[in-house]
>>> print(open('coords_6.tsv').read())   # TSV, C-alpha atoms
chain	number	residue	atom	x	y	z
H	217	MET	CA	152.86	178.79	-121.93
H	218	THR	CA	153.67	182.06	-123.67
H	219	PRO	CA	151.63	182.45	-126.83
H	220	THR	CA	153.63	182.73	-130.02
H	221	THR	CA	153.36	185.78	-132.22
H	222	PRO	CA	151.60	185.00	-135.51
H	223	ALA	CA	153.88	185.17	-138.52
H	224	ALA	CA	153.53	188.31	-140.58
H	225	ALA	CA	151.70	187.95	-143.86
H	226	VAL	CA	153.78	187.57	-146.99
H	227	PRO	CA	153.90	190.97	-148.75
H	228	THR	CA	151.98	191.24	-151.98
H	229	LYS	CA	153.88	194.14	-153.53
H	230	LEU	CA	156.58	193.31	-156.06
H	231	MET	CA	160.13	193.54	-154.71
H	232	THR	CA	163.56	194.16	-156.13
H	233	VAL	CA	166.45	191.88	-155.18
H	234	ASP	CA	167.74	194.48	-152.69
H	235	GLU	CA	164.31	194.95	-151.12
H	236	TYR	CA	163.98	191.19	-150.80
H	237	TRP	CA	167.38	190.99	-149.07
H	238	GLU	CA	166.15	193.47	-146.44
H	239	PHE	CA	162.84	191.60	-146.07
H	240	VAL	CA	164.33	188.15	-145.38
H	241	ASP	CA	166.89	189.69	-143.00
H	242	ARG	CA	164.21	190.97	-140.64
H	243	PRO	CA	164.28	189.19	-137.24
H	244	GLU	CA	160.72	187.93	-137.61
H	245	ASN	CA	161.66	186.16	-140.86
H	246	HIS	CA	164.84	184.39	-139.78
H	247	ASP	CA	163.08	181.04	-139.21
H	248	ARG	CA	160.99	181.21	-142.37
H	249	MET	CA	161.84	180.13	-145.91
H	250	PHE	CA	161.12	182.29	-148.93
H	251	GLU	CA	161.92	182.68	-152.61
H	252	LEU	CA	161.52	185.71	-154.86
H	253	ARG	CA	159.96	184.81	-158.18
H	254	ARG	CA	159.61	187.59	-160.71
H	255	GLY	CA	159.33	190.11	-157.91
H	256	ARG	CA	156.76	188.11	-155.94
H	257	VAL	CA	157.64	186.75	-152.48
H	258	VAL	CA	156.70	183.08	-152.05
H	259	GLU	CA	156.90	181.33	-148.67
H	260	MET	CA	158.22	177.78	-148.81
H	261	PRO	CA	157.13	174.88	-146.54
H	262	ARG	CA	159.63	173.17	-144.25
H	263	PRO	CA	160.98	170.01	-145.98
H	264	LYS	CA	160.37	166.50	-144.61
H	265	LYS	CA	162.94	163.82	-143.73
H	266	PRO	CA	163.22	162.02	-147.11
H	267	HIS	CA	163.91	165.39	-148.72
H	268	GLY	CA	166.71	166.13	-146.27
H	269	ILE	CA	168.28	162.69	-146.68
H	270	VAL	CA	168.39	162.95	-150.47
H	271	CYS	CA	169.76	166.50	-150.37
H	272	THR	CA	172.55	165.42	-148.01
H	273	ARG	CA	173.51	162.39	-150.07
H	274	ILE	CA	173.63	164.39	-153.31
H	275	GLY	CA	175.63	167.13	-151.62
H	276	THR	CA	178.07	164.57	-150.21
H	277	GLN	CA	178.70	163.04	-153.62
H	278	LEU	CA	179.32	166.48	-155.11
H	279	GLN	CA	181.55	167.60	-152.22
H	280	ASN	CA	183.63	164.45	-152.55
H	281	TYR	CA	183.98	165.24	-156.25
H	282	ALA	CA	184.98	168.87	-155.58
H	283	ASP	CA	187.61	167.77	-153.06
H	284	ARG	CA	188.96	165.18	-155.46
H	285	VAL	CA	189.30	167.51	-158.46
H	286	GLY	CA	190.28	170.52	-156.35
H	287	ARG	CA	187.76	172.86	-157.93
H	288	GLY	CA	184.51	174.48	-156.93
H	289	TYR	CA	182.25	174.22	-153.89
H	290	VAL	CA	178.85	172.87	-152.93
H	291	LEU	CA	175.92	174.83	-151.52
H	292	SER	CA	172.98	173.44	-149.54
H	293	ASN	CA	170.23	174.68	-147.20
H	294	ASP	CA	168.47	176.66	-149.94
H	295	THR	CA	171.26	179.23	-150.30
H	296	GLY	CA	169.99	182.20	-152.30
H	297	VAL	CA	170.86	182.28	-156.01
H	298	VAL	CA	170.03	185.41	-158.00
H	299	LEU	CA	168.69	184.33	-161.37
H	300	GLU	CA	167.41	187.69	-162.57
H	301	GLU	CA	167.55	191.30	-161.42
H	302	GLU	CA	164.50	192.53	-163.34
H	303	PRO	CA	162.06	191.21	-162.37
H	304	GLY	CA	163.78	190.12	-159.18
H	305	THR	CA	164.19	186.35	-158.98
H	306	VAL	CA	166.08	184.77	-156.08
H	307	VAL	CA	165.65	181.02	-155.57
H	308	GLY	CA	167.12	178.50	-153.17
H	309	PRO	CA	168.26	175.31	-154.89
H	310	ASP	CA	168.38	172.32	-152.58
H	311	VAL	CA	171.97	171.69	-153.70
H	312	ALA	CA	174.21	173.59	-156.11
H	313	TYR	CA	177.73	173.22	-157.48
H	314	CYS	CA	179.58	176.48	-158.16
H	315	VAL	CA	183.00	177.33	-159.57
H	316	ASP	CA	183.18	181.11	-159.11
H	317	ALA	CA	185.52	180.72	-156.10
H	318	ASN	CA	188.08	178.15	-155.09
H	319	GLU	CA	189.10	179.41	-151.64
H	320	TYR	CA	186.81	180.04	-148.68
H	321	ASP	CA	187.88	183.69	-148.30
H	322	GLU	CA	186.94	184.34	-151.94
H	323	VAL	CA	183.27	183.52	-151.33
H	324	GLU	CA	181.03	186.58	-151.29
H	325	PRO	CA	178.95	186.91	-148.09
H	326	ARG	CA	175.61	187.53	-149.82
H	327	TRP	CA	173.81	185.47	-152.43
H	328	VAL	CA	175.19	183.70	-155.47
H	329	GLU	CA	175.18	185.99	-158.51
H	330	THR	CA	177.28	183.83	-160.87
H	331	PRO	CA	175.08	180.99	-162.15
H	332	PRO	CA	175.99	177.61	-160.64
H	333	VAL	CA	177.24	174.92	-162.99
H	334	LEU	CA	174.64	172.58	-161.50
H	335	ALA	CA	171.41	173.21	-159.61
H	336	VAL	CA	169.59	170.36	-157.86
H	337	GLU	CA	165.97	170.33	-156.79
H	338	VAL	CA	164.53	167.53	-154.67
H	339	LEU	CA	160.79	167.07	-155.09
H	340	SER	CA	158.47	167.37	-152.12
H	341	PRO	CA	154.81	166.27	-152.01
H	342	THR	CA	153.78	169.93	-152.02
H	343	ASN	CA	155.59	170.76	-155.26
H	344	LYS	CA	153.36	171.52	-158.23
H	345	THR	CA	154.50	170.33	-161.64
H	346	THR	CA	153.90	173.69	-163.31
H	347	GLU	CA	155.90	175.56	-160.67
H	348	MET	CA	158.80	173.11	-160.85
H	349	ASN	CA	158.89	173.25	-164.66
H	350	GLU	CA	158.98	177.03	-164.46
H	351	LYS	CA	161.81	176.92	-161.93
H	352	VAL	CA	163.88	174.56	-164.09
H	353	ALA	CA	163.34	176.86	-167.08
H	354	ASP	CA	164.46	179.85	-164.99
H	355	TYR	CA	167.67	178.04	-164.03
H	356	LEU	CA	168.54	177.20	-167.62
H	357	ARG	CA	167.64	180.65	-168.93
H	358	ALA	CA	169.89	182.23	-166.28
H	359	GLY	CA	172.91	180.21	-167.42
H	360	VAL	CA	172.87	177.13	-165.18
H	361	ARG	CA	174.40	174.44	-167.36
H	362	VAL	CA	172.57	171.41	-165.98
H	363	VAL	CA	169.67	170.84	-163.56
H	364	TRP	CA	168.94	167.64	-161.67
H	365	LEU	CA	165.42	166.98	-160.38
H	366	ALA	CA	165.44	164.17	-157.82
H	367	ASP	CA	162.23	162.38	-156.87
H	368	PRO	CA	162.46	160.59	-153.48
H	369	GLU	CA	159.19	158.75	-154.12
H	370	THR	CA	160.12	157.13	-157.45
H	371	LYS	CA	163.89	157.21	-156.77
H	372	THR	CA	164.50	158.71	-160.19
H	373	LEU	CA	166.59	161.63	-161.39
H	374	THR	CA	165.55	163.83	-164.31
H	375	VAL	CA	168.37	165.70	-166.04
H	376	TYR	CA	167.71	168.98	-167.86
H	377	ARG	CA	170.09	170.85	-170.16
H	378	PRO	CA	169.56	173.83	-172.47
H	379	ASP	CA	168.34	172.92	-175.96
H	380	ARG	CA	168.36	169.19	-175.20
H	381	SER	CA	165.65	166.70	-174.33
H	382	LEU	CA	165.31	165.77	-170.68
H	383	VAL	CA	166.62	162.39	-169.54
H	384	VAL	CA	165.04	160.31	-166.77
H	385	LEU	CA	167.45	157.99	-164.92
H	386	LYS	CA	166.50	155.08	-162.66
H	387	PRO	CA	168.31	153.88	-159.49
H	388	GLY	CA	170.50	151.37	-161.34
H	389	ASP	CA	171.61	153.89	-163.99
H	390	ASP	CA	175.04	155.49	-164.07
H	391	LEU	CA	175.10	159.25	-163.58
H	392	THR	CA	177.85	161.25	-165.26
H	393	ALA	CA	177.99	164.83	-166.48
H	394	ASP	CA	180.06	166.55	-169.14
H	395	GLU	CA	179.75	169.66	-166.97
H	396	LEU	CA	181.52	167.82	-164.11
H	397	PRO	CA	184.40	165.95	-165.78
H	398	GLY	CA	185.18	162.77	-163.91
H	399	PHE	CA	182.01	162.75	-161.78
H	400	ALA	CA	180.29	159.35	-161.64
H	401	CYS	CA	177.91	157.55	-159.32
H	402	LYS	CA	174.80	155.43	-159.40
H	403	VAL	CA	171.49	157.30	-159.23
H	404	GLY	CA	170.49	154.87	-156.47
H	405	ASP	CA	173.30	156.26	-154.27
H	406	PHE	CA	171.10	159.31	-153.68
H	407	PHE	CA	168.23	157.23	-152.28
H	408	ARG	CA	169.77	154.86	-149.74
H	409	LEU	CA	170.88	154.61	-146.11
H	410	PRO	CA	173.76	152.55	-144.65
H	411	GLY	CA	171.47	149.57	-144.06
H	412	ASP	CA	170.37	149.43	-147.69
H	413	LYS	CA	172.14	147.28	-150.23
H	414	PRO	CA	174.89	149.38	-151.84
H	415	ALA	CA	174.41	150.33	-155.45
H	416	ALA	CA	176.79	148.66	-157.88
H	417	PRO	CA	179.75	150.86	-158.81
H	418	PRO	CA	179.33	152.88	-161.99
H	419	ALA	CA	180.68	151.33	-165.15
H	420	PRO	CA	184.04	152.72	-166.25
H	421	PRO	CA	183.91	155.19	-169.14
H	422	ALA	CA	184.32	153.72	-172.59
H	423	ALA	CA	187.84	153.85	-173.97
>>> encode(input="coords_6.tsv", output="structure tokens")
Amino acid sequence: MTPTTPAAAVPTKLMTVDEYWEFVDRPENHDRMFELRRGRVVEMPRPKKPHGIVCTRIGTQLQNYADRVGRGYVLSNDTGVVLEEEPGTVVGPDVAYCVDANEYDEVEPRWVETPPVLAVEVLSPTNKTTEMNEKVADYLRAGVRVVWLADPETKTLTVYRPDRSLVVLKPGDDLTADELPGFACKVGDFFRLPGDKPAAPPAPPAA
């Protein structure tokens, strides 16, 4: 068996957004996951199965919504989103909903520089509360209008908005969003497989 080459150490020097782009594009880094937080490169662990399932189900609900209303697009796979140029901050939301383009050929080939309407983070066992709180604050400060934090273990969804108290929703709760007019589903829809009992349909909006 051919021995594998050890991964290069994560650089400790602070980077700009452009320097970070060159760093992650190196061949030896193509199979690794990073974020740039205030100029500091942070390597991210590979997600586990529950994380991937929840990300896919949230992304599917949002893509169905985008197709229905004919506006926006959905990002997954930790696509880079530039939150700040100085100090450089480039994060990879698990799912995001953007409206800066409405046709495929309009999408820029690099990272997202217009703040998404919605950023979604799915908790992993390795996530630290302080780091996640900081990341949510970075999203909101950069202009993201709403952040969803999904917890596969408790099957809850915490909703964050600027200048408003957070809201924790349980599986049986209806999820709507002023930022996504007409979007509606049950929180439990994010945490189920085909063999699970379907969540009840969301209640119709009040007249």
>>> atom_distance(input="coords_6.tsv", atom1="CA of Tyr376 in chain H", atom2="CA of Ala282 in chain H")
21.2 Å
>>> residues_near_point(input="coords_6.tsv", point="(156.6, 185.3, -149.6)", cutoff="12 Å", atoms="only C-alpha atoms", output="list in words")
Ala223, Ala224, Ala225, Val226, Pro227, Thr228, Lys229, Leu230, Met231, Tyr236, Phe239, Val240, Asn245, Arg248, Met249, Phe250, Glu251, Leu252, Arg253, Arg254, Gly255, Arg256, Val257, Val258, Glu259, Met260, Pro261, Val306 and Val307 of chain H
>>> closest_residue(input="coords_6.tsv", among="H:Val285, H:Val363, H:Leu334, H:Val328", to="Met348 in chain H", atoms="only C-alpha atoms")
H:Val363
>>> closest_residue(input="coords_6.tsv", among="H:Ile269, H:Ile274, H:Val315, H:Leu291", to="Val403 in chain H", atoms="all atoms listed in the file")
H:Ile274
>>> closest_residue(input="coords_6.tsv", among="H:Thr295, H:Asn318, H:Thr392, H:Thr370", to="Ser340 in chain H", atoms="all atoms listed in the file")
H:Thr370
>>> closest_residue(input="coords_6.tsv", among="H:Arg262, H:Glu235, H:Glu302, H:Gln279", to="Leu396 in chain H", atoms="only C-alpha atoms")
H:Gln279
>>> residues_near_point(input="coords_6.tsv", point="(182.5, 161.7, -164.5)", cutoff="10 Å", atoms="only C-alpha atoms", output="NGL selection string")
:H and (281 or 390-401 or 418 or 420-421)
>>> atom_distance(input="coords_6.tsv", atom1="CA of Arg361 in chain H", atom2="CA of Tyr313 in chain H")
10.5 Å
>>> atom_distance(input="coords_6.tsv", atom1="CA of Thr305 in chain H", atom2="CA of Thr232 in chain H")
8.3 Å
>>> closest_residue(input="coords_6.tsv", among="H:Val298, H:Ala358, H:Val352, H:Val336", to="Leu373 in chain H", atoms="all atoms listed in the file")
H:Val336
>>> residues_around(input="coords_6.tsv", residues="Asp310 in chain H", least_positions_apart="6", cutoff="7 Å", atoms="all atoms listed in the file", output="list in words")
Cys271, Ser292, Asn293, Asp294, Val336, Glu337 and Val338 of chain H
>>> closest_residue(input="coords_6.tsv", among="H:Thr345, H:Thr276, H:Thr330, H:Ser381", to="Leu299 in chain H", atoms="only C-alpha atoms")
H:Thr330
>>> decode(input="coords_6.tsv", residues="range 239-350 of chain H", atoms="C-alpha atoms", output="compact mmCIF listing (two decimals), in the first residue's frame")
# COMPACT_ATOMS: atom_id res chain seq x y z
CA PHE H 239 -4.75 28.70 -0.42
CA VAL H 240 -7.90 26.57 -0.72
CA ASP H 241 -7.33 26.19 -4.48
CA ARG H 242 -4.02 24.40 -3.98
CA PRO H 243 -4.16 20.73 -5.10
CA GLU H 244 -3.24 19.44 -1.65
CA ASN H 245 -6.26 21.23 -0.15
CA HIS H 246 -8.98 20.16 -2.59
CA ASP H 247 -10.28 17.39 -0.30
CA ARG H 248 -10.13 19.46 2.88
CA MET H 249 -12.69 21.85 4.35
CA PHE H 250 -11.76 25.28 5.66
CA GLU H 251 -13.25 28.60 6.72
CA LEU H 252 -11.58 31.98 7.09
CA ARG H 253 -12.58 33.71 10.29
CA ARG H 254 -11.23 37.19 10.85
CA GLY H 255 -8.17 36.34 8.79
CA ARG H 256 -7.52 33.02 10.54
CA VAL H 257 -7.78 29.75 8.61
CA VAL H 258 -9.83 27.10 10.43
CA GLU H 259 -10.03 23.50 9.20
CA MET H 260 -13.46 21.93 9.48
CA PRO H 261 -14.20 18.24 10.24
CA ARG H 262 -16.04 16.08 7.73
CA PRO H 263 -19.79 15.98 8.63
CA LYS H 264 -21.57 12.78 9.67
CA LYS H 265 -24.69 11.19 8.14
CA PRO H 266 -27.41 12.91 10.23
CA HIS H 267 -25.86 16.25 9.30
CA GLY H 268 -25.99 15.41 5.60
CA ILE H 269 -29.58 14.18 5.77
CA VAL H 270 -30.82 17.34 7.48
CA CYS H 271 -28.90 19.60 5.09
CA THR H 272 -30.41 17.81 2.09
CA ARG H 273 -33.95 17.96 3.42
CA ILE H 274 -33.70 21.67 4.24
CA GLY H 275 -32.16 22.38 0.85
CA THR H 276 -34.92 20.42 -0.89
CA GLN H 277 -37.65 22.40 0.85
CA LEU H 278 -35.96 25.66 -0.11
CA GLN H 279 -35.34 24.56 -3.72
CA ASN H 280 -38.97 23.55 -4.09
CA TYR H 281 -39.92 27.00 -2.80
CA ALA H 282 -37.52 28.77 -5.21
CA ASP H 283 -38.90 26.80 -8.16
CA ARG H 284 -42.46 27.56 -7.12
CA VAL H 285 -41.99 31.32 -6.72
CA GLY H 286 -39.53 31.60 -9.61
CA ARG H 287 -36.95 33.55 -7.65
CA GLY H 288 -33.56 32.88 -6.14
CA TYR H 289 -31.40 29.78 -5.77
CA VAL H 290 -30.15 27.44 -3.08
CA LEU H 291 -26.54 26.72 -2.15
CA SER H 292 -25.22 23.66 -0.32
CA ASN H 293 -21.91 21.84 0.26
CA ASP H 294 -20.44 24.69 2.32
CA THR H 295 -20.22 27.10 -0.62
CA GLY H 296 -18.01 30.04 0.34
CA VAL H 297 -19.77 33.23 1.46
CA VAL H 298 -17.70 36.36 2.01
CA LEU H 299 -18.97 38.08 5.13
CA GLU H 300 -16.18 40.62 5.56
CA GLU H 301 -13.15 41.78 3.61
CA GLU H 302 -11.22 43.25 6.54
CA PRO H 303 -10.49 41.14 8.46
CA GLY H 304 -11.11 38.43 5.89
CA THR H 305 -14.08 36.24 6.80
CA VAL H 306 -15.27 33.52 4.41
CA VAL H 307 -17.64 30.91 5.82
CA GLY H 308 -19.48 27.94 4.35
CA PRO H 309 -23.12 27.78 5.43
CA ASP H 310 -24.58 24.29 5.23
CA VAL H 311 -27.46 25.70 3.17
CA ALA H 312 -28.17 29.22 1.93
CA TYR H 313 -30.91 30.95 -0.05
CA CYS H 314 -29.75 33.77 -2.33
CA VAL H 315 -31.54 36.20 -4.64
CA ASP H 316 -28.66 38.02 -6.34
CA ALA H 317 -29.17 36.00 -9.55
CA ASN H 318 -32.16 34.38 -11.18
CA GLU H 319 -30.54 32.61 -14.15
CA TYR H 320 -27.72 30.08 -14.04
CA ASP H 321 -25.45 32.10 -16.36
CA GLU H 322 -25.76 35.11 -14.03
CA VAL H 323 -24.10 33.26 -11.14
CA GLU H 324 -20.55 34.41 -10.46
CA PRO H 325 -17.98 31.58 -10.52
CA ARG H 326 -16.28 32.48 -7.23
CA TRP H 327 -17.75 32.93 -3.78
CA VAL H 328 -20.94 34.66 -2.73
CA GLU H 329 -20.33 38.35 -2.02
CA THR H 330 -23.96 39.50 -1.75
CA PRO H 331 -25.32 38.37 1.64
CA PRO H 332 -27.80 35.49 1.35
CA VAL H 333 -31.36 36.13 2.48
CA LEU H 334 -31.11 33.00 4.63
CA ALA H 335 -28.16 31.08 6.03
CA VAL H 336 -28.63 27.64 7.59
CA GLU H 337 -26.24 25.90 9.94
CA VAL H 338 -26.76 22.29 11.02
CA LEU H 339 -25.17 21.46 14.35
CA SER H 340 -22.57 18.72 14.60
CA PRO H 341 -21.30 17.12 17.83
CA THR H 342 -18.00 18.94 17.37
CA ASN H 343 -19.57 22.41 17.26
CA LYS H 344 -18.82 24.63 20.23
CA THR H 345 -21.59 26.93 21.44
CA THR H 346 -19.35 29.99 21.57
CA GLU H 347 -18.11 29.45 18.01
CA MET H 348 -21.63 28.92 16.66
CA ASN H 349 -22.95 32.03 18.44
CA GLU H 350 -20.11 34.03 16.93
